[in-house]
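Here the structure is laid out as structure tokens; the discussion comes afterwards.
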Amino acid sequence: MDQNNSLPPYAPGLASPQGAMTPGIPIFSPMMPYGTGLTPQPVQSTNSLSLLEEQQRQQQQQQAAQQATAQQATQGTSGQTPQLFHSQTLTTAPLPGTTPLYPSPMTPMTPITPATPASESSGIVPQLQNIVSTVNLGCKLDLKTIALRARNAEYNPKRFAAVIMRIREPRTTALIFSSGKMVCTGAKSEEQSRLAARKYARVVQKLGFPAKFLDFKIQNMVGSCDVKFPIRLEGLVLTHQQFSSYEPELFPGLIYRMIKPRIVLLIFVSGKVVLTG
Amino acid sequence: MAARGRCPECGSEALVEDSHYAQQQLVCASCGCVVSEGLLTTTYTEEEQLREVAYSQSTGQKEQLSRCLQRGIRRVQDLCKVLQLPGAFEETSVSYFQRALQHPRFHLLSLEKKELLGGCCVFVTCRQHNWPLTMGTICSLLYAKQELFAGVFLSLQKELGLSVPALSLADLVKTHLNGFRLCQRPADVPAPFVEDKEQLVTRTLQLVELAGETWLVTGRHPLPIVTAAAFLAWQSLRPCPRLSCSLARFCQLADLDLPPPARLRLSELLDVLLRMASQLAWLRVFRLDKKSVVKHVGDLLQHRIFLLRNAFCQEGEEERGEADPGQGPPPAQQKGHPSERSGRRPLLPPCLLKPRKRLRTAAPSAWEAAVTGDEPISDGEIEQYLRSPEEIRAFRRAKAWQ
């Protein structure tokens, strides 16, 4: 552990994706795999997202064990270094007995240019809660037929002009429109969303329509995390006035619209943050 | 009628206003030269009336604006007059309103929302000049639902790119207590209830500040806190006759609204004060409860910085204090002793102290983590979602499909 503190959090040469996969990882600073406060990747990887996806998946088993120790180490330091979000907060160390709530990173989020220097990565990884994606099935659909012949479909044309279909694994909901476009919500990762959308397309295929799987696109991702200390929202709105909107009469949280990357954060006084975009 | 002035040709003063067909001309009566013609008249054409016409009426300025815009501007101006805002606010609000209505987003709003738009512009202007106006006030003036108002306000803020500074609680306290009936002397209020406004406002401000420091204000609606603080301040200024008065009765006498969260805020504030009182040397001998601590609010506020530091520990810090006379019982350990009233508890917002939700950490299963998105999908899995032919027949019979 001592050598971790003596090393700078980012030894530039080390953070190459290939280098990260060598078994030499445990020696280096536990903060290395984490970019800035929110991303589970090194900062420099701005273009090779797919490369990192592979790297992440292969690393997940390796990192699961390391992360348990890494979280405990970084949470000690994150308790003292103020993070992006607050201006005058009381930093509280994490309560003992709470195991790290965020196991191995599920999916990489898009890398961001950090507002704080790279040395202040907090090791907090947001958990994905919801992914919204759309896909084009490529043919016109008869919603009445679908509603009649599928068990998991509901269709109420007076209320909404689409069939609402649900599947159990992955637990998702889809809105299927008569034009052939479909919206899939509720998945917890991009891969699950893609798998779920394929399953819906398969169901529609089996119902007799020539469904294809065109233009699958993730529209929105929602994640949440906890920074583990209370946040003075009124101070934050003073310092980051051009980005934040805090109306206690309307909503107890502060709405922070980050420009780069284009993400909206809902920041609450308890330290819980919801990220969407 | 002879107009004033001299004829430039002959110098005579006999100038007459005459009209040549439809054009007004000023003609000299002696030499007949036309001094001027086509004057913009400021009087009605009926010269006997000699009434002045406002610039806006004679120049057709109003006709350039659509009727909807005119009505909206008039409503904004009325709102400003009702709220007794300075003149500059009115101009700013009207300009915001005009800008907003030009936006395609607001052009096609429903009539109901257009009415709210005027109120939003006034609200934004007040906020920008730090004039404490709450949304509740505007909504009640416009007879609007608050959700609708909130939606229009947020979209206005986004479309026009306005920066709306936060509501200042201190100003809100002052304006909220402006209409405080107990500072005047109405007949139905007993004498011991009447209070001096300056003192009341000062003490309320201090209590609100204390609430702010102890995390009771962040994220919550400001008005219930102000009401609760005003009640406490009023009680503490003359405790003996006023302790028996309840919050509801107080609001009724003072002609203030009693919002439902005010009771909770009051109990939270009292809890904070009790903890502070436990650190004050000369109060420790008393067994204080929520009623009796009111008598000592003055002292508590005076020493609040010291008391706050001692009554609440910061988690993760060893607050083993300096040699203070009021140390008394050793500070409790950081993570424990919730039972003792005099034990230190961390200074956290109430939502963290009493979490109502069980933290559900849905740890993703191993399968979910390993999903690639391109796995083969078995037919059996899909079949389970399809109805069998018998089911379809039964449904067809049972339900008449529209």
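FYI, nothing fancy with the structure tokens labels: chains A, B, ... in order, residues from 1 per chain, ligands from 1 as they appear.
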Within 10 Å of Cys351 in chain B using only C-alpha atoms, minus same-chain residues under 6 positions, as a list in words: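 Listing them by chain and then by number gives Pro230, Val269 and Ser270 of chain A; Trp215, Leu216 and Lys357 of chain B.
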To test your reading of the structure, identify every residue in range 76-244 of chain B that backbone DSSP assigns to helix (DSSP H, G or I), and report it as number ranges by chain. B: 76-82, 87-102, 104-107, 111-128, 135-142, 146-160, 169-179, 181-183, 191-193, 197-213, 222-237, 239-242
Closest contacts (chain A/chain B, max 8 Å, only C-alpha atoms) as CSV:
```
residue,atom,partner,partner_atom,distance
A:Arg57,CA,B:Ala370,CA,7.7
A:Leu90,CA,B:Gln314,CA,7.3
A:Thr91,CA,B:Glu315,CA,7.8
A:Thr92,CA,B:Glu315,CA,5.2
A:Ala93,CA,B:Gly316,CA,5.5
A:Leu101,CA,B:Thr361,CA,6.5
A:Tyr102,CA,B:Ala363,CA,7.9
A:Pro103,CA,B:Ala363,CA,7.4
A:Met106,CA,B:Ala369,CA,6.4
A:Lys144,CA,B:Trp401,CA,7.9
A:Leu148,CA,B:Ile392,CA,6.7
A:Arg149,CA,B:Arg387,CA,5.3
A:Ala150,CA,B:Leu386,CA,4.5
A:Arg151,CA,B:Tyr385,CA,5.2
A:Asn152,CA,B:Tyr385,CA,6.0
A:Ile167,CA,B:Tyr385,CA,7.9
A:Glu190,CA,B:Gly373,CA,7.7
A:Glu191,CA,B:Gly373,CA,4.2
A:Gln192,CA,B:Gly373,CA,5.8
A:Ser193,CA,B:Gly373,CA,7.4
A:Arg194,CA,B:Gly373,CA,5.2
A:Leu195,CA,B:Gly373,CA,4.4
A:Lys199,CA,B:Ile377,CA,7.0
A:Arg202,CA,B:Ile382,CA,7.1
A:Val203,CA,B:Ile382,CA,5.9
A:Leu207,CA,B:Leu386,CA,7.7
A:Pro230,CA,B:Leu348,CA,6.7
A:Arg232,CA,B:Thr218,CA,6.8
A:Leu233,CA,B:Thr218,CA,6.4
A:Glu234,CA,B:Thr218,CA,6.9
A:Val237,CA,B:Ala166,CA,7.5
A:Leu238,CA,B:Pro165,CA,7.8
A:Gln241,CA,B:Ser163,CA,7.4
A:Gln242,CA,B:Ser163,CA,6.7
A:Ser245,CA,B:Val164,CA,7.9
A:Tyr246,CA,B:Ala166,CA,7.0
A:Glu247,CA,B:Ala166,CA,7.2
A:Pro248,CA,B:His221,CA,5.2
A:Glu249,CA,B:His221,CA,4.8
A:Leu250,CA,B:Ala150,CA,6.8
A:Phe251,CA,B:Gly219,CA,7.4
A:Pro252,CA,B:Gly219,CA,4.1
A:Gly253,CA,B:Gly219,CA,6.0
A:Phe268,CA,B:Gly219,CA,7.3
A:Val269,CA,B:Gly219,CA,6.4
A:Ser270,CA,B:Leu352,CA,6.0
```
Keeping only C-alpha atoms, write those residues as a JSON list (two decimals), in the first residue's frame.
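As written to disk, out_30.json reads:
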```
[["chain", "number", "residue", "atom", "x", "y", "z"],
["A", 57, "ARG", "CA", -15.13, -7.22, -20.40],
["A", 90, "LEU", "CA", -18.69, 18.64, 5.24],
["A", 91, "THR", "CA", -16.68, 15.73, 4.05],
["A", 92, "THR", "CA", -17.69, 12.60, 5.75],
["A", 93, "ALA", "CA", -15.76, 9.43, 5.51],
["A", 101, "LEU", "CA", -21.88, -0.61, -3.51],
["A", 102, "TYR", "CA", -20.45, -0.67, -6.96],
["A", 103, "PRO", "CA", -19.01, -3.91, -8.09],
["A", 106, "MET", "CA", -20.90, -2.76, -15.90],
["A", 144, "LYS", "CA", -54.23, -5.52, -33.36],
["A", 148, "LEU", "CA", -54.20, -10.64, -30.11],
["A", 149, "ARG", "CA", -51.50, -13.19, -30.68],
["A", 150, "ALA", "CA", -48.87, -12.22, -28.13],
["A", 151, "ARG", "CA", -49.24, -12.98, -24.46],
["A", 152, "ASN", "CA", -47.10, -10.20, -23.16],
["A", 167, "ILE", "CA", -40.23, -9.69, -21.64],
["A", 190, "GLU", "CA", -26.16, -1.52, -23.53],
["A", 191, "GLU", "CA", -25.67, -5.19, -24.29],
["A", 192, "GLN", "CA", -28.81, -6.14, -22.43],
["A", 193, "SER", "CA", -30.72, -3.49, -24.29],
["A", 194, "ARG", "CA", -29.51, -4.85, -27.57],
["A", 195, "LEU", "CA", -30.37, -8.40, -26.58],
["A", 199, "LYS", "CA", -35.84, -10.65, -28.59],
["A", 202, "ARG", "CA", -37.86, -12.14, -32.82],
["A", 203, "VAL", "CA", -41.30, -12.16, -31.21],
["A", 207, "LEU", "CA", -46.02, -13.40, -35.20],
["A", 230, "PRO", "CA", -23.89, 15.94, 2.03],
["A", 232, "ARG", "CA", -24.58, 22.40, -0.04],
["A", 233, "LEU", "CA", -26.79, 22.98, -3.01],
["A", 234, "GLU", "CA", -27.17, 26.68, -2.41],
["A", 237, "VAL", "CA", -25.68, 27.10, -7.43],
["A", 238, "LEU", "CA", -23.72, 30.23, -6.59],
["A", 241, "GLN", "CA", -24.55, 29.47, -11.82],
["A", 242, "GLN", "CA", -24.43, 29.11, -15.55],
["A", 245, "SER", "CA", -30.74, 25.37, -11.68],
["A", 246, "TYR", "CA", -31.87, 25.00, -8.11],
["A", 247, "GLU", "CA", -35.47, 25.77, -7.23],
["A", 248, "PRO", "CA", -36.29, 24.34, -3.81],
["A", 249, "GLU", "CA", -39.90, 25.35, -4.30],
["A", 250, "LEU", "CA", -40.16, 23.07, -7.30],
["A", 251, "PHE", "CA", -37.80, 20.19, -6.75],
["A", 252, "PRO", "CA", -35.48, 19.31, -3.90],
["A", 253, "GLY", "CA", -32.53, 18.57, -6.14],
["A", 268, "PHE", "CA", -29.40, 15.97, -4.04],
["A", 269, "VAL", "CA", -28.48, 17.16, -0.60],
["A", 270, "SER", "CA", -27.88, 13.62, 0.62]]
```
re CA of Gln206 in chain B and CA of Arg287 in chain B: distance 24.7 Å
Exercise: Val163 in chain A partners within 10 Å, only C-alpha atoms, chain neighbours under 5 positions left out, as a VMD selection string: chain A and resid 142 to 144 146 to 147 152 to 157 174 to 178 182
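In this comparison, which uses only C-alpha atoms, the residue of A:Ile259, A:Val183, A:Ala211, A:Val273 approaching Ser133 in chain A most closely is A:Val183.
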Please, what distance in Å, to one decimal, runs between CA of Arg262 in chain A and CA of Gly186 in chain A?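 Distance reported for this atom pair: 21.5 Å.
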